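A.B. asks: Sharing entry.tsv here; it has TSV, C-alpha atoms.
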chain	number	residue	atom	x	y	z
A	1	MET	CA	123.59	-91.84	62.44
A	2	ALA	CA	122.93	-89.62	65.47
A	3	LEU	CA	120.58	-87.45	63.36
A	4	TRP	CA	118.07	-90.30	63.24
A	5	MET	CA	118.11	-91.03	66.96
A	6	GLU	CA	114.84	-90.74	68.85
A	7	LYS	CA	114.48	-87.81	71.21
A	8	GLY	CA	115.67	-88.65	74.73
A	9	SER	CA	117.59	-91.78	73.72
A	10	GLU	CA	121.27	-92.21	74.60
A	11	PRO	CA	123.98	-92.79	71.95
A	12	LEU	CA	125.00	-96.45	71.87
A	13	THR	CA	128.06	-96.42	69.70
A	14	GLU	CA	131.24	-94.39	69.46
A	15	SER	CA	130.07	-93.23	66.03
A	16	GLU	CA	126.80	-91.88	67.43
A	17	ARG	CA	128.63	-90.11	70.25
A	18	ALA	CA	131.02	-88.57	67.77
A	19	ASP	CA	128.11	-87.42	65.63
A	20	LEU	CA	126.40	-85.77	68.60
A	21	GLU	CA	129.59	-84.03	69.64
A	22	GLY	CA	129.98	-82.77	66.11
A	23	ILE	CA	126.41	-81.45	66.00
A	24	GLN	CA	126.94	-79.78	69.39
A	25	ALA	CA	130.11	-78.14	68.17
A	26	LEU	CA	128.38	-76.87	65.04
A	27	LYS	CA	125.53	-75.40	67.07
A	28	GLU	CA	127.96	-73.76	69.52
A	29	SER	CA	129.90	-72.31	66.62
A	30	ALA	CA	126.67	-71.01	65.03
A	31	ALA	CA	125.57	-69.47	68.34
A	32	LEU	CA	128.89	-67.72	68.88
A	33	GLU	CA	128.87	-66.52	65.30
A	34	LEU	CA	125.35	-65.10	65.79
A	35	LYS	CA	126.53	-63.37	68.97
A	36	GLU	CA	129.42	-61.68	67.13
A	37	LYS	CA	127.13	-60.76	64.23
A	38	GLY	CA	124.73	-59.18	66.72
A	39	ASN	CA	127.57	-57.16	68.22
A	40	GLU	CA	128.51	-55.93	64.75
A	41	TYR	CA	124.93	-54.83	64.07
A	42	VAL	CA	124.92	-52.85	67.34
A	43	LYS	CA	128.07	-51.00	66.27
A	44	MET	CA	126.42	-50.17	62.92
A	45	GLY	CA	123.77	-48.02	64.67
A	46	LYS	CA	120.09	-47.81	65.42
A	47	LYS	CA	118.91	-48.85	61.95
A	48	HIS	CA	120.37	-52.30	62.61
A	49	TYR	CA	119.20	-52.78	66.20
A	50	SER	CA	116.36	-55.09	65.16
A	51	ASP	CA	118.90	-57.27	63.31
A	52	ALA	CA	121.03	-57.37	66.46
A	53	ILE	CA	118.08	-58.50	68.55
A	54	ASP	CA	117.31	-61.20	65.99
A	55	CYS	CA	120.89	-62.50	66.13
A	56	TYR	CA	121.00	-62.56	69.94
A	57	THR	CA	117.63	-64.32	70.06
A	58	ARG	CA	118.70	-66.98	67.56
A	59	ALA	CA	121.92	-67.54	69.49
A	60	ILE	CA	119.98	-68.01	72.74
A	61	ASN	CA	117.59	-70.41	71.03
A	62	GLN	CA	120.46	-72.71	70.06
A	63	LYS	CA	120.44	-73.79	73.75
A	64	VAL	CA	124.03	-74.97	73.58
A	65	LEU	CA	126.06	-72.23	75.26
A	66	SER	CA	127.11	-72.06	78.89
A	67	ASP	CA	125.15	-70.07	81.46
A	68	SER	CA	127.79	-67.35	81.45
A	69	GLU	CA	127.68	-67.05	77.64
A	70	ASN	CA	123.87	-66.98	77.61
A	71	SER	CA	123.96	-64.37	80.38
A	72	ILE	CA	126.06	-62.17	78.08
A	73	LEU	CA	123.56	-62.69	75.24
A	74	PHE	CA	120.60	-61.68	77.43
A	75	ALA	CA	122.54	-58.67	78.73
A	76	ASN	CA	123.40	-57.62	75.18
A	77	ARG	CA	119.78	-57.91	74.12
A	78	ALA	CA	118.79	-55.88	77.19
A	79	HIS	CA	121.21	-53.16	76.07
A	80	VAL	CA	119.63	-52.98	72.59
A	81	ASN	CA	116.11	-52.92	74.04
A	82	LEU	CA	117.16	-50.04	76.30
A	83	GLN	CA	118.42	-48.14	73.27
A	84	LEU	CA	115.07	-48.74	71.54
A	85	GLY	CA	113.06	-47.63	74.59
A	86	ASN	CA	111.71	-51.14	75.19
A	87	ASN	CA	112.32	-50.75	78.91
A	88	ARG	CA	110.09	-53.57	80.11
A	89	ARG	CA	111.70	-56.07	77.69
A	90	ALA	CA	115.12	-54.74	78.67
A	91	LEU	CA	114.39	-55.41	82.34
A	92	MET	CA	113.16	-58.95	81.59
A	93	ASP	CA	116.32	-59.70	79.59
A	94	ALA	CA	118.60	-58.22	82.26
A	95	GLU	CA	116.86	-60.23	84.98
A	96	GLU	CA	117.29	-63.43	82.95
A	97	ALA	CA	120.97	-62.60	82.51
A	98	ILE	CA	121.36	-62.12	86.28
A	99	LYS	CA	119.69	-65.48	86.98
A	100	LEU	CA	122.22	-67.17	84.73
A	101	CYS	CA	125.17	-65.24	86.12
A	102	PRO	CA	124.56	-63.16	89.29
A	103	THR	CA	127.97	-61.45	88.93
A	104	ASN	CA	127.26	-60.05	85.45
A	105	ILE	CA	127.92	-56.34	86.12
A	106	LYS	CA	126.54	-55.17	82.79
A	107	ALA	CA	123.32	-57.09	83.39
A	108	LEU	CA	122.99	-55.56	86.88
A	109	TYR	CA	123.59	-52.08	85.48
A	110	ARG	CA	121.03	-52.56	82.70
A	111	ALA	CA	118.47	-53.98	85.13
A	112	ALA	CA	118.99	-50.90	87.30
A	113	LYS	CA	118.72	-48.59	84.29
A	114	ALA	CA	115.54	-50.23	83.00
A	115	SER	CA	113.98	-50.18	86.49
A	116	LEU	CA	114.80	-46.50	86.80
A	117	LEU	CA	113.17	-45.73	83.44
A	118	LEU	CA	110.10	-47.67	84.59
A	119	ASN	CA	110.05	-45.56	87.78
A	120	MET	CA	110.77	-48.64	89.88
A	121	LEU	CA	113.17	-46.72	92.11
A	122	SER	CA	113.53	-49.23	94.95
A	123	GLU	CA	114.27	-52.08	92.52
A	124	ALA	CA	116.75	-49.89	90.63
A	125	LYS	CA	118.58	-49.10	93.87
A	126	GLN	CA	118.76	-52.82	94.79
A	127	TYR	CA	120.33	-53.72	91.44
A	128	CYS	CA	122.88	-50.94	91.86
A	129	GLU	CA	123.81	-52.16	95.34
A	130	LYS	CA	124.28	-55.70	94.06
A	131	GLY	CA	126.48	-54.39	91.26
A	132	LEU	CA	128.59	-52.30	93.63
A	133	GLN	CA	129.14	-55.37	95.80
A	134	GLN	CA	130.83	-56.92	92.77
A	135	SER	CA	132.54	-53.74	91.57
A	136	PRO	CA	132.74	-51.08	94.32
A	137	ASP	CA	134.53	-48.53	92.11
A	138	ASN	CA	132.13	-48.78	89.15
A	139	GLU	CA	131.48	-45.12	88.34
A	140	GLU	CA	128.48	-45.80	86.11
A	141	LEU	CA	126.70	-47.60	88.95
A	142	ARG	CA	127.69	-44.86	91.43
A	143	LYS	CA	126.32	-42.21	89.11
A	144	LEU	CA	123.07	-44.18	88.75
A	145	VAL	CA	122.78	-44.45	92.55
A	146	ARG	CA	123.07	-40.65	92.89
A	147	GLN	CA	120.40	-40.20	90.24
A	148	ILE	CA	118.08	-42.72	91.92
A	149	ASP	CA	118.59	-41.14	95.36
A	150	LEU	CA	117.73	-37.72	93.96
A	151	LEU	CA	114.57	-39.03	92.29
A	152	LYS	CA	113.54	-40.91	95.43
A	153	SER	CA	113.98	-37.75	97.47
A	154	GLU	CA	111.89	-35.76	94.98
A	155	SER	CA	109.24	-38.49	94.91
A	156	GLU	CA	109.04	-38.62	98.70
A	157	ARG	CA	108.79	-34.84	98.86
A	158	HIS	CA	106.04	-34.85	96.23
A	159	GLU	CA	104.13	-37.58	98.09
A	160	ALA	CA	104.39	-35.51	101.28
A	161	GLN	CA	103.01	-32.49	99.41
A	162	ILE	CA	100.12	-34.59	98.11
A	163	SER	CA	99.34	-35.89	101.60
A	164	GLU	CA	99.47	-32.37	102.99
A	165	ALA	CA	97.19	-30.99	100.26
A	166	VAL	CA	94.64	-33.81	100.69
A	167	ALA	CA	94.66	-33.42	104.48
A	168	ALA	CA	94.10	-29.66	104.17
A	169	ALA	CA	91.27	-30.16	101.66
A	170	LYS	CA	89.57	-32.69	103.94
A	171	CYS	CA	89.85	-30.29	106.90
A	172	ILE	CA	88.23	-27.50	104.85
A	173	TYR	CA	85.51	-29.88	103.69
A	174	SER	CA	84.83	-30.91	107.30
A	175	ALA	CA	84.59	-27.25	108.30
A	176	ILE	CA	82.11	-26.60	105.49
A	177	LYS	CA	80.07	-29.67	106.47
A	178	ASP	CA	80.11	-28.82	110.19
A	179	ARG	CA	78.78	-25.34	109.38
A	180	ARG	CA	76.04	-26.89	107.21
A	181	LEU	CA	76.99	-24.72	104.26
A	182	ASN	CA	75.71	-25.47	100.76
A	183	PHE	CA	78.62	-25.80	98.35
A	184	GLY	CA	78.04	-25.78	94.60
A	185	LYS	CA	79.87	-25.70	91.28
A	186	ALA	CA	82.39	-22.90	90.88
A	187	SER	CA	81.36	-19.88	88.82
A	188	PHE	CA	83.36	-16.91	87.55
A	189	GLN	CA	86.66	-18.82	87.80
A	190	GLU	CA	88.10	-16.54	85.13
A	191	LEU	CA	87.80	-13.83	87.80
A	192	THR	CA	88.72	-15.82	90.90
A	193	GLY	CA	91.40	-18.10	89.47
A	194	LEU	CA	92.46	-20.87	91.84
A	195	LYS	CA	91.63	-18.99	95.04
A	196	LYS	CA	90.14	-21.27	97.67
A	197	PRO	CA	88.99	-20.95	101.31
A	198	ILE	CA	91.64	-21.43	104.00
A	199	LEU	CA	91.22	-22.89	107.48
A	200	ASP	CA	93.47	-21.18	110.02
A	201	LYS	CA	95.01	-22.67	113.17
A	202	ASP	CA	91.96	-21.60	115.19
A	203	LYS	CA	89.68	-23.54	112.78
A	204	ILE	CA	88.23	-20.32	111.35
A	205	LEU	CA	87.48	-20.17	107.62
A	206	HIS	CA	88.89	-17.36	105.50
A	207	TRP	CA	87.11	-16.96	102.17
A	208	PRO	CA	88.06	-15.22	98.96
A	209	VAL	CA	84.93	-13.19	98.13
A	210	LEU	CA	83.93	-11.88	94.72
A	211	LEU	CA	81.92	-8.66	94.46
A	212	LEU	CA	80.20	-8.18	91.10
A	213	TYR	CA	78.85	-4.83	89.97
A	214	ALA	CA	75.69	-6.09	88.31
A	215	GLU	CA	75.14	-2.93	86.30
A	216	VAL	CA	78.37	-3.25	84.31
A	217	MET	CA	79.54	-6.78	85.31
A	218	THR	CA	82.94	-5.68	86.53
A	219	SER	CA	84.31	-6.97	89.79
A	220	ASP	CA	86.21	-6.40	93.00
A	221	PHE	CA	87.90	-9.19	94.90
A	222	ILE	CA	88.42	-9.54	98.64
A	223	GLU	CA	91.18	-12.12	99.03
A	224	ASP	CA	90.79	-12.73	102.75
A	225	PHE	CA	87.29	-12.30	104.17
A	226	CYS	CA	87.25	-13.93	107.61
A	227	GLU	CA	83.96	-15.70	108.25
A	228	THR	CA	83.56	-13.78	111.51
A	229	ASP	CA	83.98	-10.36	109.85
A	230	MET	CA	80.94	-8.17	109.25
A	231	PHE	CA	80.36	-6.98	105.69
A	232	SER	CA	80.38	-3.37	106.85
A	233	VAL	CA	84.03	-3.61	107.93
A	234	HIS	CA	85.20	-4.44	104.41
A	235	LEU	CA	82.78	-2.06	102.69
A	236	ASP	CA	83.91	0.80	104.93
A	237	MET	CA	87.49	0.25	103.79
A	238	MET	CA	86.64	-0.21	100.11
A	239	TYR	CA	84.41	2.87	99.88
A	240	SER	CA	86.19	5.22	102.25
A	241	GLU	CA	86.57	8.89	101.31
A	242	SER	CA	90.25	8.32	100.57
A	243	SER	CA	89.50	5.53	98.06
A	244	PRO	CA	89.50	6.51	94.38
A	245	PRO	CA	86.11	6.43	92.59
A	246	LEU	CA	85.29	3.52	90.32
A	247	PRO	CA	86.61	4.41	86.83
A	248	TRP	CA	83.33	3.52	85.08
A	249	ASP	CA	81.10	5.28	87.67
A	250	LYS	CA	80.85	8.64	85.89
A	251	GLY	CA	77.83	9.75	87.94
A	252	ASN	CA	79.51	8.88	91.25
A	253	ALA	CA	76.51	6.70	92.15
A	254	TYR	CA	78.50	3.98	93.92
A	255	THR	CA	79.23	5.65	97.21
A	256	ARG	CA	79.36	4.06	100.65
A	257	GLU	CA	75.91	5.20	101.68
A	258	ALA	CA	74.32	4.27	98.32
A	259	ILE	CA	75.52	0.71	97.73
A	260	GLU	CA	73.69	-2.48	98.67
A	261	LEU	CA	74.80	-6.10	98.52
A	262	TYR	CA	72.68	-9.02	97.31
A	263	TYR	CA	73.09	-12.74	96.83
A	264	GLN	CA	71.16	-14.99	94.46
A	265	ALA	CA	69.05	-17.37	96.52
A	266	GLY	CA	67.74	-20.74	95.32
A	267	SER	CA	70.37	-20.98	92.59
A	268	GLY	CA	72.84	-23.79	92.21
A	269	VAL	CA	73.17	-27.51	92.93
A	270	CYS	CA	75.06	-28.88	95.93
A	271	LEU	CA	78.13	-30.94	95.13
A	272	SER	CA	79.14	-34.30	96.60
A	273	LYS	CA	82.08	-34.64	98.95
A	274	LYS	CA	84.22	-36.06	96.15
A	275	GLU	CA	83.40	-33.13	93.86
A	276	ILE	CA	84.13	-30.60	96.61
A	277	LEU	CA	87.47	-32.24	97.40
A	278	HIS	CA	88.42	-32.23	93.71
A	279	TYR	CA	87.62	-28.52	93.57
A	280	LEU	CA	89.62	-27.74	96.72
A	281	LEU	CA	92.61	-29.67	95.36
A	282	GLU	CA	92.74	-27.78	92.05
A	283	GLY	CA	96.11	-26.12	91.65
A	284	THR	CA	97.75	-28.26	94.37
A	285	ALA	CA	100.03	-31.30	94.33
A	286	GLY	CA	96.93	-33.44	94.90
A	287	SER	CA	95.02	-32.20	91.85
A	288	HIS	CA	95.43	-35.56	90.08
A	289	ILE	CA	93.84	-37.62	92.88
A	290	GLU	CA	90.89	-39.55	91.47
A	291	SER	CA	89.56	-41.37	94.52
A	292	PHE	CA	89.65	-40.64	98.22
A	293	SER	CA	87.64	-43.30	100.08
A	294	ASP	CA	84.11	-44.64	100.56
A	295	GLU	CA	83.41	-41.66	102.79
A	296	GLU	CA	83.55	-39.34	99.78
A	297	LYS	CA	79.87	-40.04	99.09
A	298	SER	CA	77.43	-37.33	100.11
A	299	VAL	CA	73.73	-37.59	100.80
A	300	GLY	CA	73.13	-34.06	99.55
A	301	HIS	CA	74.72	-34.59	96.16
A	302	GLY	CA	72.61	-33.18	93.35
A	303	THR	CA	70.14	-31.33	95.59
A	304	SER	CA	69.19	-27.71	95.04
A	305	ALA	CA	69.03	-25.05	97.73
A	306	GLY	CA	65.58	-23.62	98.32
A	307	THR	CA	62.29	-24.81	96.92
A	308	GLY	CA	61.16	-21.95	94.69
A	309	PRO	CA	62.66	-19.95	91.80
A	310	SER	CA	65.90	-18.03	92.36
A	311	LYS	CA	65.55	-14.54	93.82
A	312	TRP	CA	67.70	-11.67	95.06
A	313	VAL	CA	68.21	-11.40	98.81
A	314	LYS	CA	69.63	-8.24	100.34
A	315	VAL	CA	72.61	-8.72	102.65
A	316	ASN	CA	72.48	-7.11	106.08
A	317	GLU	CA	75.87	-5.43	106.32
A	318	LYS	CA	75.93	-5.84	110.10
A	319	ARG	CA	75.92	-9.61	109.77
A	320	ALA	CA	79.09	-11.69	109.64
A	321	LEU	CA	79.98	-13.56	106.48
A	322	TYR	CA	79.27	-16.92	108.12
A	323	ASP	CA	75.74	-15.82	109.09
A	324	VAL	CA	74.94	-15.17	105.44
A	325	LEU	CA	76.70	-18.25	104.03
A	326	LYS	CA	74.75	-20.59	106.31
A	327	GLU	CA	71.40	-19.42	104.91
A	328	PRO	CA	69.65	-22.55	103.63
A	329	ASP	CA	68.76	-20.90	100.29
A	330	TYR	CA	72.35	-19.90	99.43
A	331	VAL	CA	74.69	-22.17	97.47
A	332	ILE	CA	78.33	-21.02	97.50
A	333	PRO	CA	79.49	-21.09	93.85
A	334	GLY	CA	83.06	-22.17	94.66
A	335	VAL	CA	83.75	-18.89	96.44
A	336	PRO	CA	81.08	-16.55	97.86
A	337	VAL	CA	79.71	-14.15	95.23
A	338	PHE	CA	77.74	-11.01	96.07
A	339	TYR	CA	76.25	-8.44	93.73
A	340	VAL	CA	76.77	-4.71	94.31
A	341	VAL	CA	74.11	-2.21	93.19
A	342	SER	CA	73.57	1.46	93.91
A	343	LYS	CA	70.31	3.03	95.06
A	344	LYS	CA	71.33	6.14	93.08
A	345	SER	CA	71.62	4.28	89.77
A	346	SER	CA	68.83	4.00	87.19
A	347	PHE	CA	69.74	0.30	87.02
A	348	TYR	CA	68.61	-0.20	90.62
A	349	LYS	CA	64.89	-0.40	89.80
A	350	ASP	CA	65.39	-3.00	87.08
A	351	PHE	CA	67.49	-5.08	89.45
A	352	ARG	CA	65.03	-4.95	92.35
A	353	THR	CA	62.05	-5.81	90.16
A	354	GLY	CA	63.78	-8.91	88.77
A	355	LYS	CA	64.26	-7.57	85.23
A	356	TRP	CA	67.96	-8.38	85.34
A	357	SER	CA	69.71	-11.72	85.70
A	358	PRO	CA	73.44	-12.57	85.57
A	359	PRO	CA	74.77	-13.78	82.24
A	360	ARG	CA	75.49	-17.48	81.90
A	361	LEU	CA	79.22	-18.07	81.64
A	362	HIS	CA	81.10	-20.80	79.80
A	363	ASP	CA	82.14	-22.53	83.03
A	364	GLU	CA	78.64	-22.81	84.47
Show the structure stored in the file as structure tokens.
C.D. replies:
Amino acid sequence: MALWMEKGSEPLTESERADLEGIQALKESAALELKEKGNEYVKMGKKHYSDAIDCYTRAINQKVLSDSENSILFANRAHVNLQLGNNRRALMDAEEAIKLCPTNIKALYRAAKASLLLNMLSEAKQYCEKGLQQSPDNEELRKLVRQIDLLKSESERHEAQISEAVAAAKCIYSAIKDRRLNFGKASFQELTGLKKPILDKDKILHWPVLLLYAEVMTSDFIEDFCETDMFSVHLDMMYSESSPPLPWDKGNAYTREAIELYYQAGSGVCLSKKEILHYLLEGTAGSHIESFSDEEKSVGHGTSAGTGPSKWVKVNEKRALYDVLKEPDYVIPGVPVFYVVSKKSSFYKDFRTGKWSPPRLHDE
């Protein structure tokens, strides 16, 4: 009896050969029956997809069908895995089907589909091209090619935006470093939003500048304060005679001749290059970038500006913004922040004598 033959041995008699042929036929019949049963389960809907996969797998494991038949089984299983969202398994099955039968159009389509869902756009396009070589008028493959081309175009455009954003951030960082400015953690972002410094074509920095009225903690915002501008130029415009009075300034204390600007010296910790770049990239296409290069390390990381306690320093209005920002005791809190007080206000004395300090905010 062929059933009792040792593995690897050849049949010696006609009876043994007949037995083996009979066993082979039974296994082929069982495999084909499992294939058809799997197809029926697919037609019955998603609740039966796991049964379909089981049938296809058992049919493959019979190891008796031709390469073309097994290719169909792997392609069918790839289809079910695609329906279940098992995209990686679907791709593996489709690739196995293509190895067994390189002209299997359904396998090529499913390999392309799975690759697309795995964001493997180049591989997806290659499978589509191979399929169209076999079936040039296949509309499903043509439609997939259009979809892939659109996604590749969007991906390339997005990558270009990321590169542009990172390059711009690195240029701004270099400008900050070259000017020896201290750059610290952003404060008052609920007031400044995602505003960041800009470097123009002449390599001049333009800063968004926040003015805080210490007495009432309201604010004004100068969106474009060129680093070469004097403070007086902007203050003259903001507090001109034609400008409306501040709504909360009932005593009209905040006039052009009465106001003074201050910055808080010796406050804040300098950030590393990596931290500064992350901040500059917030709100851009490059906001998700985690690592830049070894050069992102900074010697000054974690150091404080100044050696003593923080104090208020009056700003000379005839100085340019850059001249103030480069002071060694000033740390820029994301964007430059200056405090506005009035010599006519009763609050002025408390401020000058150090009896007032800015409230700590949730983002500090």
A.B. asks: Do you have, as a Markdown table, the list of residues of segment 69-175 of chain A lying at most 12 Å from segment 265-273 of chain A, each with its nearest atom pair and that distance in Å to one decimal, counting all atoms listed in the file and ordered by chain then number?
C.D. replies:
| residue | atom | partner | partner_atom | distance |
| --- | --- | --- | --- | --- |
| A:Ala169 | CA | A:Lys273 | CA | 10.6 |
| A:Lys170 | CA | A:Lys273 | CA | 9.2 |
| A:Cys171 | CA | A:Lys273 | CA | 11.9 |
| A:Ile172 | CA | A:Lys273 | CA | 11.1 |
| A:Tyr173 | CA | A:Lys273 | CA | 7.5 |
| A:Ser174 | CA | A:Lys273 | CA | 9.5 |
A.B. asks: So, counting only C-alpha atoms, which residue among A:Ser345, A:Glu28, A:Ala114, A:Lys152 is closest to Asn252 of chain A?
C.D. replies: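 Going through A:Ser345, A:Glu28, A:Ala114, A:Lys152 one by one, the smallest distance to Asn252 of chain A is for A:Ser345.
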A.B. asks: If you measure from atom CA of Phe188 of chain A to atom CA of Lys318 of chain A, what distance in Å do you get, rounded to one decimal?
C.D. replies: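 Computed distance, atom CA of Phe188 of chain A to atom CA of Lys318 of chain A, equals 26.2 Å.
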A.B. asks: For each of A:Glu123, A:Asp229, A:Ser71, A:Arg77, take the minimum atom-to-atom distance to Pro102 of chain A, counting only C-alpha atoms, then give the residue where this is smallest.
C.D. replies: A:Ser71
A.B. asks: Could you check which of A:Arg352, A:Trp207, A:Gln147, A:Trp248 is closest to Phe221 of chain A, using all atoms listed in the file?
C.D. replies: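 Smallest separation from Phe221 of chain A among the options: A:Trp207.
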A.B. asks: As a list in words, please: the residues near Glu227 of chain A (cut-off 10 Å, all atoms listed in the file, same-chain neighbours under 4 positions excluded).
C.D. replies: Ile204, Leu205, His206, Trp207, Phe231, Ala320, Leu321, Tyr322, Asp323, Val324 and Leu325 of chain A
A.B. asks: Just want the 12 Å neighbourhood of Ile98 of chain A, counted on only C-alpha atoms, with same-chain residues fewer than 6 positions away dropped. Output as a PyMOL selection string.
C.D. replies: chain A and resi 67-75+78+91-92+104-112+127+130-131
A.B. asks: Kindly give the distance, in Å, that separates atom CA of Trp312 of chain A and atom CA of Gly354 of chain A, rounded to a single decimal.
C.D. replies: 7.9 Å
A.B. asks: May I ask for the distance between atom CA of Ala59 of chain A and atom CA of Gly45 of chain A, given in Å to one decimal place?
C.D. replies: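 So the answer is 20.2 Å.
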A.B. asks: Nearest to Lys349 of chain A among A:Lys177, A:Glu215, A:Gln126, A:Arg89, with distances taken over all atoms listed in the file: which residue is it?
C.D. replies: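 Selected residue with least distance to Lys349 of chain A: A:Glu215.
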A.B. asks: Taking the point (67.0, -8.4, 99.4) as given in the file, collect each protein or nucleic acid residue that comes within 12 Å of it, counting all atoms listed in the file, and present the set as number ranges by chain.
C.D. replies: A: 260-265, 310-317, 338-341, 351-354
A.B. asks: Neighbouring residues of Glu159 of chain A were defined as those with any atom within 10 Å, considering all atoms listed in the file; residues of the same chain fewer than 5 positions away were excluded. Please report them as a ChimeraX atom specification.
C.D. replies: /A:153-154,164-165,285-286
